[in-house]
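Quick notes on the structure that follows.
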Amino acid sequence: MKTSHSFDERFIFQGRAKTWSLVLIAIGVIGIAVGFLTGSGERTFANLLLMGYYFACVCTCGVFFCAVQYVAQAGWSASILRIPQAFAKVLPIAAVVLLVIIGLGLFFTHPGLNEEGKQTIIPYLYKQWALKGITTPGNENYNAVIAGKSGFLNIPFFLIRLVTYLGCYSLLGWLLVKYSNNEDELGGMLNYNKSFKVSVIFLVIFGFTVPLFAFDTIMSLEAHWFSTMFGWYNFAALWVSGMAVITLTLILLKQGGYIQWVTEDHLHNMGQLLFGFSIFWTYLWFAQFLLTWYANLPEEAAYFYRRWEPEFKPWFWLNIIINFATPLLVLMSRDSKRMISVLKVACIILICGHWLDYWQMIMPGTVGPQSGFFSPGDSKTSFLFGIGPIEIAVFLGFAGLFMFAMLNALSKFKSLAPKRHPLLEESLHHHL
Amino acid sequence: MSSTKYILGLFDDPDEMMHGIDELQKNSIPIYDVYTPMPIHGIEKKLGIKDSRLGWAAFMFGCLGGTTIFSMATYMLALDWPMNIGGKPAFAVPDFIPITFEWTVLFTAFGMTATFFYATHLFPGRTPRVMDLRATDDRFVIAIDAKGNIPHDDITNVLKQAGAVEVKHNDRKYVSYE
């Protein structure tokens with residue numbers, strides 16, 4: 001077995017990868033333009049929020065992955081750390097994109113219906129609580145429940161919180177990348193120990209703020225409803241989808257002739273994590289569902305009631321089937337985790353599955369079943385109109401943006417493995 | 001005719017034992033089994049041991065457990081004695097999921113343990129069958145079936161040359177039976 005590799009090889013971002021990412025970005029831009037020009041502004045904004053959030057979550061997952069490896073002092077992953085580090089480098093871009101989408105969605109308005117069904121001016125995003133006059137008694141938009149929550153859920157504090165979360169994640173991710181690059185130059189334990197400290201700080205901050213991040217960005221779309229499970233449910237989705245993207249990136253890079261030191265043993269580990277945390281995701285999904293179903297309190301059940309409208313119900317069940325049954329049945333056996341082609345397909349399915357998961361978290365509370373493409377009249381086939389050209393184009397556009405930014409960040413690294421990482425040898429001889 | 005049933009090569013170093021396996025395989029001497037005090041990476045592949053089927057047993061026991069309790073819950077709560085619990089339907093699938101999950105795990109764990117005991121003759125109270133007691137202490141033991149593998153002296157020489165600290169010619173397969 002070859003035990004020494006050339007780590008100084010750099011990733012060169014060109015050719016098909018670059019062309020395709022630019023084509024995908026172009027498709028996304030066209031999709032967004034078509035969405036706004038055909039009068040589906042709200043739906044386009046909902047899709048932008050979905051993909052902006054997904055994009056930010058995947059990049060945050062890169063930081064989280066690195067931090068977990070450092071805190072656990074894991075050796076097996078040392079040689080693959082450059083890939084999540086590239087994700088971490090993209091996080092500031094993803095954060096800005098998400099904040100711009102949310103900012104525009106809050107401040108651009110269009111005529112629409114308020115909670116009472118009266119015609120008024122509503123913002124494109126967060127219409128349930130960012131409406132003008134919603135906290136002013138006597139105003140036609142006044143809503144006592146939302147007014148009661150406005151101490152926390154008001155626009156300035158909301159934006160401050162989002163900037164703080166994303167700023168913290170970006171900064172700590174940037175530090176981890178910086179230390180790893182310094183380590184390549186200097187060697188020794190100094191930078192590893194610094195990374196350990198930063199990782200501990202990150203995990204504490206992340207652990208306390210990631211549920212709030214999900215509450216703010218996604219749960220507040222339906223501000224009357226709340227679930228304490230929602231934060232962890234979103235965290236599980238973040239972790240599974242982020243790891244699916246990391247694994248897919250590893251596989252594609254390996255198939256492209258890079259990172260030949262990554263073996264089926266490393267991929268087996270990634271497959272195990274994907275399998276385990278998909279079950280964890282299902283556990284949280286079900287914990288949230290079962291208690292709501294069993295207690296059947298009107299204010300809680302409203303959430304699932306909306307998702308059981310004919311427009312959403314098939315997707316609602318498909319979500320749990322894809323994200324639970326696929327990893328359970330496909331990734332259970334040892335062999336399938338070690339076969340690169342099977343793992344690749346499983347990753348792609350999980351990436352699409354978690355898109356669907358986010359989609360059914362966001363759409364019923366923003367666009368709802370009543371507007372635009374969503375009501376073709378026949379309730380039996382209406383669900384098919386829930387995912388249309390706008391959804392697909394925006395998804396592809398963000399996939400291209402992520403590909404472009406991430407591969408560009410990866411090509412900036414001087415080596416494709418942290419070559420002086422103290423645990424690198426352990427990773428190169430990793431066997432399962 | 002010699003009464004030797006098994007030839008044991010005892011090594012005090014795992015690397016030398018791995019070397020011994022190589023030497024035996026080079027001389028086309030079939031290895032009956034290898035006993036080591038600790039797991040050794042890559043040894044299964046070297047000896048050509050097939051993947052364990054314990055996972056399949058676990059999966060089957062899991063399916064059995066899940067099916068058993070789901071059928072039981074359905075029979076008891078939906079067919080035999082339906083009750084109105086909080087206005088929920090008698091056949092309340094979401095309510096059955098937690099117990100189905102628990103029984104799946106329970107059957108998997110118990111079934112896997114039982115299968116493992118059955119396959120390895122490791123029932124509680126039964127003296128384990130051991131070919132050399134020091135294989136659980138500080139010796140790495142390669143066992144070779146002596147029947148048909150002659151001449152025995154050649155095997156002894158190969159083992160000695162590979163670094164075996166001791167070679168035993170045993171008349172009994174196990175040092176301990178009951």
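Letters for chains follow the order of the structure tokens (A, B, ...), residue numbers begin at 1 for each chain, and ligand numbers begin at 1 in the order shown.
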
Note to self: When DSSP is applied to the backbone of this structure, which of segment 83-140 of chain A are assigned strand (DSSP E)? Write them out as number ranges by chain.
What the structure shows: A: 109-113, 119-123

Could you write out that same residue set with C-alpha atoms as a PDB file, in the first residue's frame?
ATOM      1  CA  THR A 109     -44.184  44.926  -0.045  1.00  0.00           C
ATOM      2  CA  HIS A 110     -47.077  43.993  -2.246  1.00  0.00           C
ATOM      3  CA  PRO A 111     -50.852  44.130  -1.883  1.00  0.00           C
ATOM      4  CA  GLY A 112     -52.210  41.025  -0.220  1.00  0.00           C
ATOM      5  CA  LEU A 113     -54.467  39.690   2.485  1.00  0.00           C
ATOM      6  CA  GLN A 119     -56.819  43.623   1.633  1.00  0.00           C
ATOM      7  CA  THR A 120     -53.672  45.415   2.817  1.00  0.00           C
ATOM      8  CA  ILE A 121     -49.966  45.905   2.067  1.00  0.00           C
ATOM      9  CA  ILE A 122     -47.849  42.928   3.140  1.00  0.00           C
ATOM     10  CA  PRO A 123     -44.107  42.257   2.966  1.00  0.00           C
TER      11      PRO A 123
END

Note to self: Would you pick out the contacts of Thr74 of chain B at 12 Å or less, using only C-alpha atoms, so that residues sharing its chain but fewer than 4 positions from it are not included, and give the list as a PyMOL selection string?
What the structure shows: chain B and resi 67-70+78-82+89-97+99-100

Please report, as CSV, each residue of chain A lying at most 8 Å from chain B, together with the nearest pair of atoms and the separation in Å rounded to one decimal; use only C-alpha atoms, and order rows by chain and ascending residue number.
residue,atom,partner,partner_atom,distance
A:Leu290,CA,B:Pro94,CA,6.2
A:Tyr294,CA,B:Lys88,CA,7.8
A:His431,CA,B:His41,CA,7.5

Export, as a PDB file, in the first residue's frame, the selected residues with N, CA and C atoms.
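Written file, part_34.pdb:
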ATOM      1  N   LEU A 290     -45.781  13.302  16.616  1.00  0.00           N
ATOM      2  CA  LEU A 290     -46.602  12.447  17.480  1.00  0.00           C
ATOM      3  C   LEU A 290     -47.287  13.263  18.579  1.00  0.00           C
ATOM      4  N   TYR A 294     -51.199  13.679  18.970  1.00  0.00           N
ATOM      5  CA  TYR A 294     -51.845  13.082  20.126  1.00  0.00           C
ATOM      6  C   TYR A 294     -52.596  14.119  20.954  1.00  0.00           C
ATOM      7  N   HIS A 431      -8.682   2.244   8.866  1.00  0.00           N
ATOM      8  CA  HIS A 431      -9.328   1.019   8.405  1.00  0.00           C
ATOM      9  C   HIS A 431     -10.554   0.750   9.249  1.00  0.00           C
TER      10      HIS A 431
END

For segment 156-165 of chain B: contacts at 12 Å, only C-alpha atoms, fewer than 3 positions along chain excluded, given as a short mmCIF file (atom, residue, chain, number, x, y, z; two decimals) with N, CA and C atoms, in the first residue's frame:
data_model
loop_
_atom_site.label_atom_id
_atom_site.label_comp_id
_atom_site.auth_asym_id
_atom_site.auth_seq_id
_atom_site.Cartn_x
_atom_site.Cartn_y
_atom_site.Cartn_z
N TYR B 6 -3.71 -31.33 16.28
CA TYR B 6 -3.52 -29.93 15.88
C TYR B 6 -2.11 -29.48 16.20
N ILE B 7 -1.55 -28.66 15.30
CA ILE B 7 -0.25 -28.07 15.56
C ILE B 7 -0.48 -26.59 15.85
N LEU B 8 0.05 -26.14 16.98
CA LEU B 8 -0.14 -24.73 17.35
C LEU B 8 1.21 -24.01 17.30
N GLY B 9 1.24 -22.90 16.61
CA GLY B 9 2.42 -22.05 16.63
C GLY B 9 2.14 -20.86 17.52
N LEU B 10 2.91 -20.69 18.58
CA LEU B 10 2.66 -19.58 19.52
C LEU B 10 3.65 -18.45 19.26
N PHE B 11 3.15 -17.28 19.05
CA PHE B 11 3.99 -16.11 18.79
C PHE B 11 3.78 -15.13 19.94
N ASP B 12 4.81 -14.31 20.21
CA ASP B 12 4.60 -13.29 21.25
C ASP B 12 4.50 -11.90 20.64
N ASP B 13 4.41 -11.85 19.31
CA ASP B 13 4.32 -10.53 18.67
C ASP B 13 3.36 -10.62 17.48
N PRO B 14 2.40 -9.72 17.41
CA PRO B 14 1.41 -9.83 16.32
C PRO B 14 2.04 -9.71 14.93
N ASP B 15 3.06 -8.86 14.79
CA ASP B 15 3.66 -8.71 13.46
C ASP B 15 4.33 -9.99 13.01
N GLU B 16 5.00 -10.66 13.99
CA GLU B 16 5.65 -11.94 13.64
C GLU B 16 4.61 -13.00 13.31
N MET B 17 3.48 -12.93 14.01
CA MET B 17 2.41 -13.88 13.71
C MET B 17 1.87 -13.65 12.30
N MET B 18 1.71 -12.38 11.93
CA MET B 18 1.25 -12.07 10.57
C MET B 18 2.27 -12.59 9.56
N HIS B 19 3.53 -12.47 9.90
CA HIS B 19 4.59 -12.98 9.04
C HIS B 19 4.47 -14.50 8.94
N GLY B 20 4.18 -15.14 10.09
CA GLY B 20 4.00 -16.59 10.12
C GLY B 20 2.86 -17.02 9.20
N ILE B 21 1.76 -16.27 9.21
CA ILE B 21 0.63 -16.58 8.32
C ILE B 21 1.09 -16.52 6.87
N ASP B 22 1.86 -15.47 6.55
CA ASP B 22 2.38 -15.33 5.18
C ASP B 22 3.21 -16.54 4.78
N GLU B 23 4.09 -16.95 5.71
CA GLU B 23 4.99 -18.07 5.40
C GLU B 23 4.21 -19.36 5.17
N LEU B 24 3.22 -19.60 6.05
CA LEU B 24 2.41 -20.81 5.91
C LEU B 24 1.67 -20.80 4.58
N GLN B 25 1.11 -19.61 4.24
CA GLN B 25 0.35 -19.52 2.99
C GLN B 25 1.27 -19.69 1.80
N LYS B 26 2.51 -19.20 1.93
CA LYS B 26 3.48 -19.36 0.85
C LYS B 26 3.77 -20.84 0.62
N ASN B 27 3.77 -21.62 1.73
CA ASN B 27 4.05 -23.06 1.62
C ASN B 27 2.78 -23.89 1.44
N SER B 28 1.68 -23.22 1.14
CA SER B 28 0.39 -23.89 0.90
C SER B 28 -0.04 -24.78 2.06
N ILE B 29 0.21 -24.33 3.28
CA ILE B 29 -0.26 -25.07 4.45
C ILE B 29 -1.55 -24.41 4.93
N ILE B 31 -4.49 -23.01 7.10
CA ILE B 31 -4.57 -22.59 8.51
C ILE B 31 -5.97 -22.89 9.01
N ASP B 138 -1.10 -13.56 26.44
CA ASP B 138 -0.03 -12.84 25.74
C ASP B 138 0.53 -13.63 24.57
N ARG B 139 -0.21 -14.62 24.07
CA ARG B 139 0.29 -15.39 22.93
C ARG B 139 -0.65 -15.26 21.73
N PHE B 140 -0.05 -15.14 20.55
CA PHE B 140 -0.81 -15.09 19.31
C PHE B 140 -0.66 -16.46 18.65
N VAL B 141 -1.78 -17.19 18.58
CA VAL B 141 -1.70 -18.62 18.25
C VAL B 141 -2.24 -18.89 16.85
N ILE B 142 -1.43 -19.57 16.04
CA ILE B 142 -1.91 -20.07 14.75
C ILE B 142 -2.14 -21.56 14.91
N ALA B 143 -3.36 -22.02 14.59
CA ALA B 143 -3.66 -23.45 14.71
C ALA B 143 -3.72 -24.06 13.32
N ILE B 144 -3.12 -25.23 13.18
CA ILE B 144 -3.12 -25.93 11.90
C ILE B 144 -3.65 -27.33 12.12
N ALA B 146 -3.74 -30.97 11.85
CA ALA B 146 -2.60 -31.85 11.57
C ALA B 146 -2.97 -32.96 10.61
N ASN B 149 -2.07 -32.87 6.87
CA ASN B 149 -1.00 -31.91 6.65
C ASN B 149 0.31 -32.50 7.13
N ILE B 150 0.97 -33.25 6.28
CA ILE B 150 2.24 -33.85 6.67
C ILE B 150 3.31 -33.42 5.68
N PRO B 151 4.54 -33.46 6.00
CA PRO B 151 5.09 -33.88 7.28
C PRO B 151 5.01 -32.77 8.34
N HIS B 152 4.74 -33.22 9.57
CA HIS B 152 4.54 -32.26 10.66
C HIS B 152 5.82 -31.48 10.98
N ASP B 153 6.97 -32.13 10.77
CA ASP B 153 8.22 -31.44 11.08
C ASP B 153 8.42 -30.22 10.19
N LYS B 168 3.46 -26.36 19.50
CA LYS B 168 2.87 -27.48 20.26
C LYS B 168 2.23 -28.47 19.30
N HIS B 169 2.39 -29.73 19.59
CA HIS B 169 1.69 -30.78 18.86
C HIS B 169 0.65 -31.37 19.80
#

Next item on the list: as a ChimeraX atom specification, list the residues of segment 291-345 of chain A assigned to helix (DSSP H, G or I) by DSSP on the backbone atoms of this structure.
Entry: /A:291-295,298-307,313-330,334-338,340-345

Checklist line | Among listed residues A:Asn154, A:Gln360, A:Thr44, A:Asn408, nearest Val29 of chain A (using only C-alpha atoms) | finding: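 Among A:Asn154, A:Gln360, A:Thr44, A:Asn408, it is A:Thr44 that comes nearest to Val29 of chain A.
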
Notebook entry, point to check: Hey, what's within 10 Å of Asn193 of chain A if we count only C-alpha atoms and toss same-chain stuff fewer than 5 positions away? As a ChimeraX atom specification, please?
Noted result: /A:70,179,188,198-199

Margin query: Ranking A:Leu252, A:Ile134, A:Val96, A:Val330 by minimum distance to Leu407 of chain A and counting only C-alpha atoms, which one comes first?
Written below: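 Closest candidate: A:Leu252.
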
Check: For Lys254 of chain A, which residue among A:Gln69, A:Asn143, A:Ser341, A:Ser227 is the nearest when counting only C-alpha atoms?
Finding: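 The answer is A:Ser341, which sits nearest to Lys254 of chain A.
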
Next item on the list: Name all residues at most 7 Å from Arg82 of chain A (count only C-alpha atoms; drop same-chain ones fewer than 4 positions away) and give them as a PyMOL selection string.
Entry: chain A and resi 86+416-418

Do a neighbour search on Leu267 of chain A at 8 Å with only C-alpha atoms, toss out local chain neighbours closer than 3 positions, and write the hits as a compact mmCIF listing (two decimals) with C-alpha atoms, in the first residue's frame.
# COMPACT_ATOMS: atom_id res chain seq x y z
CA THR A 247 -19.67 13.19 1.01
CA VAL A 262 -9.50 9.10 0.59
CA THR A 263 -10.45 5.43 0.67
CA GLU A 264 -13.65 3.49 0.99
CA MET A 270 -19.36 9.28 6.24
CA GLY A 271 -22.02 6.73 5.28
CA LYS A 337 -21.58 2.29 2.41
CA ARG A 338 -18.33 1.12 0.87
CA ILE A 340 -18.91 4.60 -4.09

Next item on the list: May I ask for the distance between atom CA of Glu222 of chain A and atom CA of Met361 of chain A, given in Å to one decimal place?
Entry: 9.5 Å

Item checked: Ile146 of chain A surroundings by only C-alpha atoms, 9 Å radius, close-in-sequence under 5 positions cut, as number ranges by chain -> A: 128-129, 134-135, 153, 223-224

Next item on the list: Compare A:Asp265, A:Asp184, A:Leu331, A:Ala214 by their minimum atom-to-atom distance to Phe7 of chain A, counting only C-alpha atoms, and give me the closest one.
Entry: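 With only C-alpha atoms as the atom set, the closest residue is A:Asp184.
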
Notebook entry, point to check: So what do you get for atom CA of Gly28 of chain A versus atom CA of Arg307 of chain A, distance-wise?
Noted result: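 Spanning atom CA of Gly28 of chain A to atom CA of Arg307 of chain A is a straight-line distance of 26.9 Å.
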